[in-house]
>>> print(open('data.pdb').read())   # PDB, C-alpha atoms and all ligand atoms
ATOM      1  CA  MET A  12       6.952  22.965   0.510  1.00  0.00           C
ATOM      2  CA  GLN A  13       6.588  19.694  -1.353  1.00  0.00           C
ATOM      3  CA  PRO A  14       3.607  19.618  -3.728  1.00  0.00           C
ATOM      4  CA  ILE A  15       2.016  16.503  -2.239  1.00  0.00           C
ATOM      5  CA  GLN A  16      -1.478  15.662  -1.118  1.00  0.00           C
ATOM      6  CA  ILE A  17      -3.122  12.422   0.011  1.00  0.00           C
ATOM      7  CA  ALA A  18      -6.748  11.350   0.386  1.00  0.00           C
ATOM      8  CA  VAL A  19      -7.805   8.080   1.994  1.00  0.00           C
ATOM      9  CA  VAL A  20     -10.759   6.046   0.717  1.00  0.00           C
ATOM     10  CA  PRO A  21     -11.715   3.094   2.938  1.00  0.00           C
ATOM     11  CA  VAL A  22     -12.680   0.124   0.724  1.00  0.00           C
ATOM     12  CA  THR A  23     -13.906  -3.486   1.016  1.00  0.00           C
ATOM     13  CA  PRO A  24     -15.458  -5.168   4.081  1.00  0.00           C
ATOM     14  CA  PHE A  25     -11.920  -5.013   5.550  1.00  0.00           C
ATOM     15  CA  GLU A  26     -11.998  -1.186   5.668  1.00  0.00           C
ATOM     16  CA  GLN A  27      -8.763  -1.085   3.761  1.00  0.00           C
ATOM     17  CA  ASN A  28      -7.219   2.377   3.355  1.00  0.00           C
ATOM     18  CA  CYS A  29      -6.983   2.849  -0.397  1.00  0.00           C
ATOM     19  CA  SER A  30      -5.170   6.134  -0.922  1.00  0.00           C
ATOM     20  CA  LEU A  31      -4.899   8.712  -3.645  1.00  0.00           C
ATOM     21  CA  LEU A  32      -1.538  10.440  -3.605  1.00  0.00           C
ATOM     22  CA  TRP A  33      -0.899  13.293  -5.998  1.00  0.00           C
ATOM     23  CA  CYS A  34       1.418  16.051  -7.062  1.00  0.00           C
ATOM     24  CA  THR A  35      -0.410  19.359  -6.596  1.00  0.00           C
ATOM     25  CA  ARG A  36       1.838  21.039  -9.206  1.00  0.00           C
ATOM     26  CA  THR A  37       0.931  18.716 -12.078  1.00  0.00           C
ATOM     27  CA  MET A  38      -2.295  17.242 -10.594  1.00  0.00           C
ATOM     28  CA  LYS A  39      -1.016  13.809 -11.575  1.00  0.00           C
ATOM     29  CA  GLY A  40      -1.669  11.116  -9.013  1.00  0.00           C
ATOM     30  CA  VAL A  41      -1.539   7.447  -8.133  1.00  0.00           C
ATOM     31  CA  VAL A  42      -4.141   5.148  -6.646  1.00  0.00           C
ATOM     32  CA  ILE A  43      -2.521   2.951  -4.023  1.00  0.00           C
ATOM     33  CA  ASP A  44      -4.172  -0.389  -3.142  1.00  0.00           C
ATOM     34  CA  PRO A  45      -7.592  -0.250  -4.868  1.00  0.00           C
ATOM     35  CA  GLY A  46      -8.954  -3.400  -3.207  1.00  0.00           C
ATOM     36  CA  GLY A  47     -12.541  -2.818  -4.303  1.00  0.00           C
ATOM     37  CA  ASP A  48     -15.472  -0.379  -4.065  1.00  0.00           C
ATOM     38  CA  LEU A  49     -14.316   1.180  -7.321  1.00  0.00           C
ATOM     39  CA  ASP A  50     -17.298   3.578  -7.401  1.00  0.00           C
ATOM     40  CA  LYS A  51     -16.045   5.169  -4.178  1.00  0.00           C
ATOM     41  CA  ILE A  52     -12.535   5.422  -5.603  1.00  0.00           C
ATOM     42  CA  ARG A  53     -13.796   6.913  -8.874  1.00  0.00           C
ATOM     43  CA  SER A  54     -15.841   9.528  -6.954  1.00  0.00           C
ATOM     44  CA  ALA A  55     -12.779  10.460  -4.925  1.00  0.00           C
ATOM     45  CA  ILE A  56     -10.705  10.804  -8.098  1.00  0.00           C
ATOM     46  CA  ALA A  57     -13.369  13.066  -9.617  1.00  0.00           C
ATOM     47  CA  GLU A  58     -13.605  15.135  -6.423  1.00  0.00           C
ATOM     48  CA  THR A  59      -9.863  15.761  -6.293  1.00  0.00           C
ATOM     49  CA  GLY A  60      -9.669  16.581  -9.998  1.00  0.00           C
ATOM     50  CA  ILE A  61      -6.469  14.586 -10.443  1.00  0.00           C
ATOM     51  CA  THR A  62      -5.381  12.645 -13.511  1.00  0.00           C
ATOM     52  CA  VAL A  63      -4.438   9.143 -12.449  1.00  0.00           C
ATOM     53  CA  ASP A  64      -1.040   8.200 -13.791  1.00  0.00           C
ATOM     54  CA  LYS A  65      -0.727   4.672 -12.416  1.00  0.00           C
ATOM     55  CA  ILE A  66      -1.889   2.228  -9.786  1.00  0.00           C
ATOM     56  CA  LEU A  67       0.535   1.122  -7.085  1.00  0.00           C
ATOM     57  CA  LEU A  68       0.174  -2.002  -4.946  1.00  0.00           C
ATOM     58  CA  THR A  69       1.891  -2.507  -1.583  1.00  0.00           C
ATOM     59  CA  HIS A  70       1.120  -6.240  -1.626  1.00  0.00           C
ATOM     60  CA  GLY A  71      -1.071  -8.842  -3.260  1.00  0.00           C
ATOM     61  CA  HIS A  72      -3.838  -9.399  -0.711  1.00  0.00           C
ATOM     62  CA  VAL A  73      -7.431  -9.329  -1.925  1.00  0.00           C
ATOM     63  CA  ASP A  74      -8.453  -6.219   0.056  1.00  0.00           C
ATOM     64  CA  HIS A  75      -5.544  -4.277  -1.461  1.00  0.00           C
ATOM     65  CA  ALA A  76      -5.385  -5.585  -5.020  1.00  0.00           C
ATOM     66  CA  ALA A  77      -8.751  -7.057  -6.095  1.00  0.00           C
ATOM     67  CA  GLY A  78      -9.933  -3.890  -7.877  1.00  0.00           C
ATOM     68  CA  ALA A  79      -6.606  -3.093  -9.555  1.00  0.00           C
ATOM     69  CA  ALA A  80      -7.147  -4.935 -12.855  1.00  0.00           C
ATOM     70  CA  GLU A  81     -10.554  -3.399 -13.533  1.00  0.00           C
ATOM     71  CA  LEU A  82      -9.535   0.111 -12.450  1.00  0.00           C
ATOM     72  CA  ALA A  83      -6.370  -0.058 -14.582  1.00  0.00           C
ATOM     73  CA  GLU A  84      -8.424  -1.146 -17.584  1.00  0.00           C
ATOM     74  CA  THR A  85     -11.065   1.564 -17.252  1.00  0.00           C
ATOM     75  CA  LEU A  86      -8.545   4.342 -16.528  1.00  0.00           C
ATOM     76  CA  GLY A  87      -6.087   3.111 -19.153  1.00  0.00           C
ATOM     77  CA  VAL A  88      -3.157   3.087 -16.708  1.00  0.00           C
ATOM     78  CA  LYS A  89      -0.523   0.590 -15.599  1.00  0.00           C
ATOM     79  CA  VAL A  90      -0.220  -1.329 -12.356  1.00  0.00           C
ATOM     80  CA  GLU A  91       3.167  -1.175 -10.605  1.00  0.00           C
ATOM     81  CA  GLY A  92       4.174  -3.265  -7.598  1.00  0.00           C
ATOM     82  CA  PRO A  93       4.230  -5.210  -5.455  1.00  0.00           C
ATOM     83  CA  GLY A  94       7.291  -7.455  -5.575  1.00  0.00           C
ATOM     84  CA  GLU A  95       7.119 -10.445  -7.902  1.00  0.00           C
ATOM     85  CA  ALA A  96       7.059 -12.792  -4.899  1.00  0.00           C
ATOM     86  CA  ASP A  97       3.380 -11.828  -4.324  1.00  0.00           C
ATOM     87  CA  GLN A  98       2.209 -12.988  -7.779  1.00  0.00           C
ATOM     88  CA  PHE A  99       0.867 -16.315  -6.463  1.00  0.00           C
ATOM     89  CA  ILE A 100      -1.324 -14.374  -3.996  1.00  0.00           C
ATOM     90  CA  MET A 101      -2.640 -12.115  -6.781  1.00  0.00           C
ATOM     91  CA  ASP A 102      -3.355 -15.168  -8.957  1.00  0.00           C
ATOM     92  CA  ASP A 103      -5.513 -16.533  -6.143  1.00  0.00           C
ATOM     93  CA  ILE A 104      -7.589 -13.341  -5.626  1.00  0.00           C
ATOM     94  CA  PRO A 105     -10.843 -14.663  -7.188  1.00  0.00           C
ATOM     95  CA  ALA A 106     -10.877 -17.742  -4.933  1.00  0.00           C
ATOM     96  CA  THR A 107      -9.989 -15.729  -1.817  1.00  0.00           C
ATOM     97  CA  ALA A 108     -12.591 -13.065  -2.642  1.00  0.00           C
ATOM     98  CA  ALA A 109     -15.274 -15.738  -3.014  1.00  0.00           C
ATOM     99  CA  ARG A 110     -14.444 -17.020   0.470  1.00  0.00           C
ATOM    100  CA  TYR A 111     -14.801 -13.524   1.977  1.00  0.00           C
ATOM    101  CA  GLY A 112     -17.803 -12.461  -0.134  1.00  0.00           C
ATOM    102  CA  ILE A 113     -15.964  -9.644  -1.934  1.00  0.00           C
ATOM    103  CA  PRO A 114     -17.657  -8.980  -5.293  1.00  0.00           C
ATOM    104  CA  ASN A 115     -16.016  -8.161  -8.655  1.00  0.00           C
ATOM    105  CA  ALA A 116     -12.584  -9.307  -7.552  1.00  0.00           C
ATOM    106  CA  ARG A 117     -10.091 -10.055 -10.287  1.00  0.00           C
ATOM    107  CA  ALA A 118      -6.633 -11.544 -10.386  1.00  0.00           C
ATOM    108  CA  VAL A 119      -3.994  -9.048 -11.428  1.00  0.00           C
ATOM    109  CA  THR A 120      -0.568  -9.287 -13.017  1.00  0.00           C
ATOM    110  CA  PRO A 121       1.264  -5.973 -12.608  1.00  0.00           C
ATOM    111  CA  ASP A 122       2.850  -4.302 -15.636  1.00  0.00           C
ATOM    112  CA  ARG A 123       5.947  -3.772 -13.522  1.00  0.00           C
ATOM    113  CA  TYR A 124       7.075  -5.559 -10.378  1.00  0.00           C
ATOM    114  CA  LEU A 125       8.969  -3.271  -8.035  1.00  0.00           C
ATOM    115  CA  SER A 126      12.050  -3.933  -5.925  1.00  0.00           C
ATOM    116  CA  GLU A 127      13.798  -2.113  -3.136  1.00  0.00           C
ATOM    117  CA  GLY A 128      16.082   0.627  -4.400  1.00  0.00           C
ATOM    118  CA  GLU A 129      13.839   1.460  -7.350  1.00  0.00           C
ATOM    119  CA  THR A 130      11.662   4.575  -7.379  1.00  0.00           C
ATOM    120  CA  VAL A 131       8.299   5.522  -8.834  1.00  0.00           C
ATOM    121  CA  SER A 132       7.470   9.016  -9.986  1.00  0.00           C
ATOM    122  CA  VAL A 133       4.164  10.835  -9.728  1.00  0.00           C
ATOM    123  CA  GLY A 134       4.238  14.215 -11.438  1.00  0.00           C
ATOM    124  CA  ASP A 135       7.115  16.059  -9.744  1.00  0.00           C
ATOM    125  CA  LEU A 136       7.190  13.635  -6.807  1.00  0.00           C
ATOM    126  CA  THR A 137       9.458  10.626  -6.380  1.00  0.00           C
ATOM    127  CA  LEU A 138       8.631   7.733  -4.079  1.00  0.00           C
ATOM    128  CA  ASP A 139      11.315   5.406  -2.742  1.00  0.00           C
ATOM    129  CA  ILE A 140      10.598   1.713  -2.429  1.00  0.00           C
ATOM    130  CA  LEU A 141      11.402  -0.501   0.533  1.00  0.00           C
ATOM    131  CA  HIS A 142      10.893  -4.279   0.595  1.00  0.00           C
ATOM    132  CA  VAL A 143       9.406  -5.274   3.949  1.00  0.00           C
ATOM    133  CA  PRO A 144       8.385  -8.960   3.718  1.00  0.00           C
ATOM    134  CA  GLY A 145       6.830 -11.172   6.394  1.00  0.00           C
ATOM    135  CA  HIS A 146       3.132 -10.293   6.027  1.00  0.00           C
ATOM    136  CA  THR A 147       3.536 -11.308   2.394  1.00  0.00           C
ATOM    137  CA  PRO A 148       6.820 -12.163   0.644  1.00  0.00           C
ATOM    138  CA  GLY A 149       6.667  -9.295  -1.858  1.00  0.00           C
ATOM    139  CA  HIS A 150       5.343  -6.531   0.412  1.00  0.00           C
ATOM    140  CA  LEU A 151       6.543  -3.002  -0.391  1.00  0.00           C
ATOM    141  CA  VAL A 152       6.485   0.309   1.460  1.00  0.00           C
ATOM    142  CA  PHE A 153       6.376   3.587  -0.492  1.00  0.00           C
ATOM    143  CA  VAL A 154       8.221   6.514   1.080  1.00  0.00           C
ATOM    144  CA  HIS A 155       8.380  10.210   0.262  1.00  0.00           C
ATOM    145  CA  LYS A 156      11.432  11.349   2.161  1.00  0.00           C
ATOM    146  CA  GLY A 157      11.031  15.092   1.557  1.00  0.00           C
ATOM    147  CA  VAL A 158       7.607  15.185   3.177  1.00  0.00           C
ATOM    148  CA  GLY A 159       8.304  12.387   5.613  1.00  0.00           C
ATOM    149  CA  ILE A 160       5.440  10.091   4.771  1.00  0.00           C
ATOM    150  CA  ALA A 161       5.373   6.314   4.330  1.00  0.00           C
ATOM    151  CA  ILE A 162       2.568   4.222   2.841  1.00  0.00           C
ATOM    152  CA  VAL A 163       3.221   1.130   4.942  1.00  0.00           C
ATOM    153  CA  GLY A 164       0.418  -1.245   3.821  1.00  0.00           C
ATOM    154  CA  ASP A 165       0.023  -4.136   6.238  1.00  0.00           C
ATOM    155  CA  THR A 166       3.489  -4.033   7.794  1.00  0.00           C
ATOM    156  CA  LEU A 167       2.995  -1.602  10.678  1.00  0.00           C
ATOM    157  CA  PHE A 168      -0.229  -0.405  12.304  1.00  0.00           C
ATOM    158  CA  ARG A 169      -0.937   1.946  15.164  1.00  0.00           C
ATOM    159  CA  GLY A 170      -0.122  -0.281  18.149  1.00  0.00           C
ATOM    160  CA  SER A 171       0.202  -3.418  16.065  1.00  0.00           C
ATOM    161  CA  VAL A 172       1.916  -5.130  13.139  1.00  0.00           C
ATOM    162  CA  GLY A 173       0.699  -7.114  10.149  1.00  0.00           C
ATOM    163  CA  ARG A 174      -0.652 -10.655  10.466  1.00  0.00           C
ATOM    164  CA  THR A 175       1.848 -13.388   9.787  1.00  0.00           C
ATOM    165  CA  ASP A 176      -0.384 -16.433  10.367  1.00  0.00           C
ATOM    166  CA  PHE A 177      -0.469 -17.310   6.673  1.00  0.00           C
ATOM    167  CA  PRO A 178       1.421 -20.338   5.339  1.00  0.00           C
ATOM    168  CA  TYR A 179       3.825 -17.848   3.727  1.00  0.00           C
ATOM    169  CA  GLY A 180       3.936 -15.475   6.720  1.00  0.00           C
ATOM    170  CA  ASP A 181       7.147 -14.895   8.668  1.00  0.00           C
ATOM    171  CA  PRO A 182       6.894 -12.941  11.941  1.00  0.00           C
ATOM    172  CA  ASP A 183      10.663 -12.681  12.478  1.00  0.00           C
ATOM    173  CA  LEU A 184      11.200 -11.341   8.968  1.00  0.00           C
ATOM    174  CA  LEU A 185       8.415  -8.777   9.438  1.00  0.00           C
ATOM    175  CA  ILE A 186       9.807  -7.435  12.723  1.00  0.00           C
ATOM    176  CA  ALA A 187      13.337  -7.404  11.274  1.00  0.00           C
ATOM    177  CA  GLY A 188      12.090  -5.373   8.312  1.00  0.00           C
ATOM    178  CA  ILE A 189      10.213  -2.884  10.488  1.00  0.00           C
ATOM    179  CA  VAL A 190      13.162  -2.460  12.847  1.00  0.00           C
ATOM    180  CA  GLY A 191      15.808  -2.429  10.127  1.00  0.00           C
ATOM    181  CA  LYS A 192      14.055  -0.355   7.454  1.00  0.00           C
ATOM    182  CA  LEU A 193      11.035   1.559   8.804  1.00  0.00           C
ATOM    183  CA  LEU A 194      12.218   2.757  12.221  1.00  0.00           C
ATOM    184  CA  PRO A 195      15.389   4.315  10.729  1.00  0.00           C
ATOM    185  CA  LEU A 196      13.180   6.557   8.541  1.00  0.00           C
ATOM    186  CA  GLY A 197      12.980   8.831  11.588  1.00  0.00           C
ATOM    187  CA  ASP A 198      10.537   9.620  14.403  1.00  0.00           C
ATOM    188  CA  THR A 199       8.675  12.371  12.569  1.00  0.00           C
ATOM    189  CA  VAL A 200       7.821  10.230   9.557  1.00  0.00           C
ATOM    190  CA  VAL A 201       4.042   9.797   9.258  1.00  0.00           C
ATOM    191  CA  CYS A 202       2.871   6.253   8.498  1.00  0.00           C
ATOM    192  CA  LEU A 203      -0.318   5.573   6.576  1.00  0.00           C
ATOM    193  CA  PRO A 204      -1.231   1.923   7.232  1.00  0.00           C
ATOM    194  CA  GLY A 205      -3.508  -0.313   5.193  1.00  0.00           C
ATOM    195  CA  HIS A 206      -6.022  -0.403   8.039  1.00  0.00           C
ATOM    196  CA  GLY A 207      -6.867   1.903  10.927  1.00  0.00           C
ATOM    197  CA  PRO A 208      -5.551   5.325  11.878  1.00  0.00           C
ATOM    198  CA  VAL A 209      -2.444   7.173  10.773  1.00  0.00           C
ATOM    199  CA  THR A 210       0.551   6.966  13.091  1.00  0.00           C
ATOM    200  CA  SER A 211       4.213   7.952  13.183  1.00  0.00           C
ATOM    201  CA  ILE A 212       7.501   6.111  13.491  1.00  0.00           C
ATOM    202  CA  GLY A 213       8.175   7.908  16.799  1.00  0.00           C
ATOM    203  CA  ASP A 214       4.826   6.826  18.298  1.00  0.00           C
ATOM    204  CA  GLU A 215       5.308   3.213  17.248  1.00  0.00           C
ATOM    205  CA  LYS A 216       8.895   3.158  18.501  1.00  0.00           C
ATOM    206  CA  THR A 217       7.600   4.239  21.915  1.00  0.00           C
ATOM    207  CA  HIS A 218       4.241   2.483  22.223  1.00  0.00           C
ATOM    208  CA  ASN A 219       4.051  -0.499  19.853  1.00  0.00           C
ATOM    209  CA  PRO A 220       4.103  -3.648  22.041  1.00  0.00           C
ATOM    210  CA  PHE A 221       5.173  -5.843  19.102  1.00  0.00           C
ATOM    211  CA  LEU A 222       8.475  -4.044  18.579  1.00  0.00           C
ATOM    212  CA  PRO A 223      11.595  -4.848  20.634  1.00  0.00           C
ATOM    213  CA  ARG A 224      13.117  -2.048  22.670  1.00  0.00           C
TER     214      ARG A 224
HETATM  215 ZN    ZN B   1      -2.521  -7.811   3.760  1.00  0.00          ZN
END
>>> encode(input="data.pdb", output="structure tokens", more="lines below")
Ligand SMILES: [Zn+2]
Amino acid sequence: MQPIQIAVVPVTPFEQNCSLLWCTRTMKGVVIDPGGDLDKIRSAIAETGITVDKILLTHGHVDHAAGAAELAETLGVKVEGPGEADQFIMDDIPATAARYGIPNARAVTPDRYLSEGETVSVGDLTLDILHVPGHTPGHLVFVHKGVGIAIVGDTLFRGSVGRTDFPYGDPDLLIAGIVGKLLPLGDTVVCLPGHGPVTSIGDEKTHNPFLPR
């Protein structure tokens, strides 16, 4: 059995699924998409007893990334991801947060941008990186193939797909990425989206009205 465990912490007024993912052998973990509500995230970290190794970002949107700079500073860890193409969105976080009434939001510049084909390690675990743009240009998906789990951010939801009605959104690119990169992961792969319930590739292949069949 793979030594992996995940806990989801809903954060921000957008109920974004921040997740803690850790290696149960080393108790080293990552915080994925700390959009805000850092007290809730810190409590969850304390409850699990993990040592946070780094912060990962799927994409640059305020509800996913606005707490990353402060959490990285206080934990003394680095921020990795998303793709460099999302930097302009992360630069704009304070202005966007003010519009939505999200407090304590900070712009963030990751220590390392990530690209498809690279991997990130967490204790004894290795996550593969897929680039699935369209919701944002630098959007990443983190996959653990051994366990069959994908942290899909705002690409694919249960019965839906990510918004593309931003000036930089591209619906065709998003669907092409889901069809070309996520569906081939296999029906049994569990998907943890940025919002809403967990789903699987098989369920979305069958039921998702936004995907061609
Ligand atoms: Zn988003």
>>> residues_around(input="data.pdb", residues="Val154 of chain A", least_positions_apart="6", cutoff="10 Å", atoms="all atoms listed in the file", output="PyMOL selection string")
chain A and resi 130-131+137-141+160-163+193+196+200-202
>>> residues_near_ligand(input="data.pdb", ligand="ligand ZN 1 (chain B)", cutoff="9 Å", atoms="only C-alpha atoms and all ligand atoms", output="VMD selection string")
chain A and resid 69 to 75 146 to 147 150 164 to 166 173 to 174 205
>>> residues_around(input="data.pdb", residues="Ala116 of chain A", least_positions_apart="2", cutoff="7 Å", atoms="only C-alpha atoms", output="PyMOL selection string")
chain A and resi 77-78+104-105+108+113-114+118
>>> write_last_selection(input="data.pdb", atoms="C-alpha atoms", output="mmCIF file, keeping the file's coordinate frame")
data_model
loop_
_atom_site.group_PDB
_atom_site.id
_atom_site.type_symbol
_atom_site.label_atom_id
_atom_site.label_comp_id
_atom_site.auth_asym_id
_atom_site.auth_seq_id
_atom_site.Cartn_x
_atom_site.Cartn_y
_atom_site.Cartn_z
ATOM 1 C CA ALA A 77 -8.751 -7.057 -6.095
ATOM 2 C CA GLY A 78 -9.933 -3.890 -7.877
ATOM 3 C CA ILE A 104 -7.589 -13.341 -5.626
ATOM 4 C CA PRO A 105 -10.843 -14.663 -7.188
ATOM 5 C CA ALA A 108 -12.591 -13.065 -2.642
ATOM 6 C CA ILE A 113 -15.964 -9.644 -1.934
ATOM 7 C CA PRO A 114 -17.657 -8.980 -5.293
ATOM 8 C CA ALA A 118 -6.633 -11.544 -10.386
#
>>> resolve_selection(input="data.pdb", expression="the PyMOL selection byres (((chain A and resi 206-213) around 7) and not hetatm)", output="JSON list (two decimals) with C-alpha atoms, in the coordinates of the input")
[["chain", "number", "residue", "atom", "x", "y", "z"],
["A", 26, "GLU", "CA", -12.00, -1.19, 5.67],
["A", 27, "GLN", "CA", -8.76, -1.08, 3.76],
["A", 28, "ASN", "CA", -7.22, 2.38, 3.36],
["A", 169, "ARG", "CA", -0.94, 1.95, 15.16],
["A", 194, "LEU", "CA", 12.22, 2.76, 12.22],
["A", 197, "GLY", "CA", 12.98, 8.83, 11.59],
["A", 198, "ASP", "CA", 10.54, 9.62, 14.40],
["A", 199, "THR", "CA", 8.68, 12.37, 12.57],
["A", 200, "VAL", "CA", 7.82, 10.23, 9.56],
["A", 201, "VAL", "CA", 4.04, 9.80, 9.26],
["A", 202, "CYS", "CA", 2.87, 6.25, 8.50],
["A", 203, "LEU", "CA", -0.32, 5.57, 6.58],
["A", 204, "PRO", "CA", -1.23, 1.92, 7.23],
["A", 205, "GLY", "CA", -3.51, -0.31, 5.19],
["A", 214, "ASP", "CA", 4.83, 6.83, 18.30],
["A", 215, "GLU", "CA", 5.31, 3.21, 17.25],
["A", 216, "LYS", "CA", 8.90, 3.16, 18.50],
["A", 217, "THR", "CA", 7.60, 4.24, 21.92]]
>>> residues_around(input="data.pdb", residues="Ala83 of chain A", least_positions_apart="5", cutoff="8 Å", atoms="all atoms listed in the file", output="list of chain:residue names")
A:Lys65, A:Ile66, A:Val88, A:Lys89, A:Val90
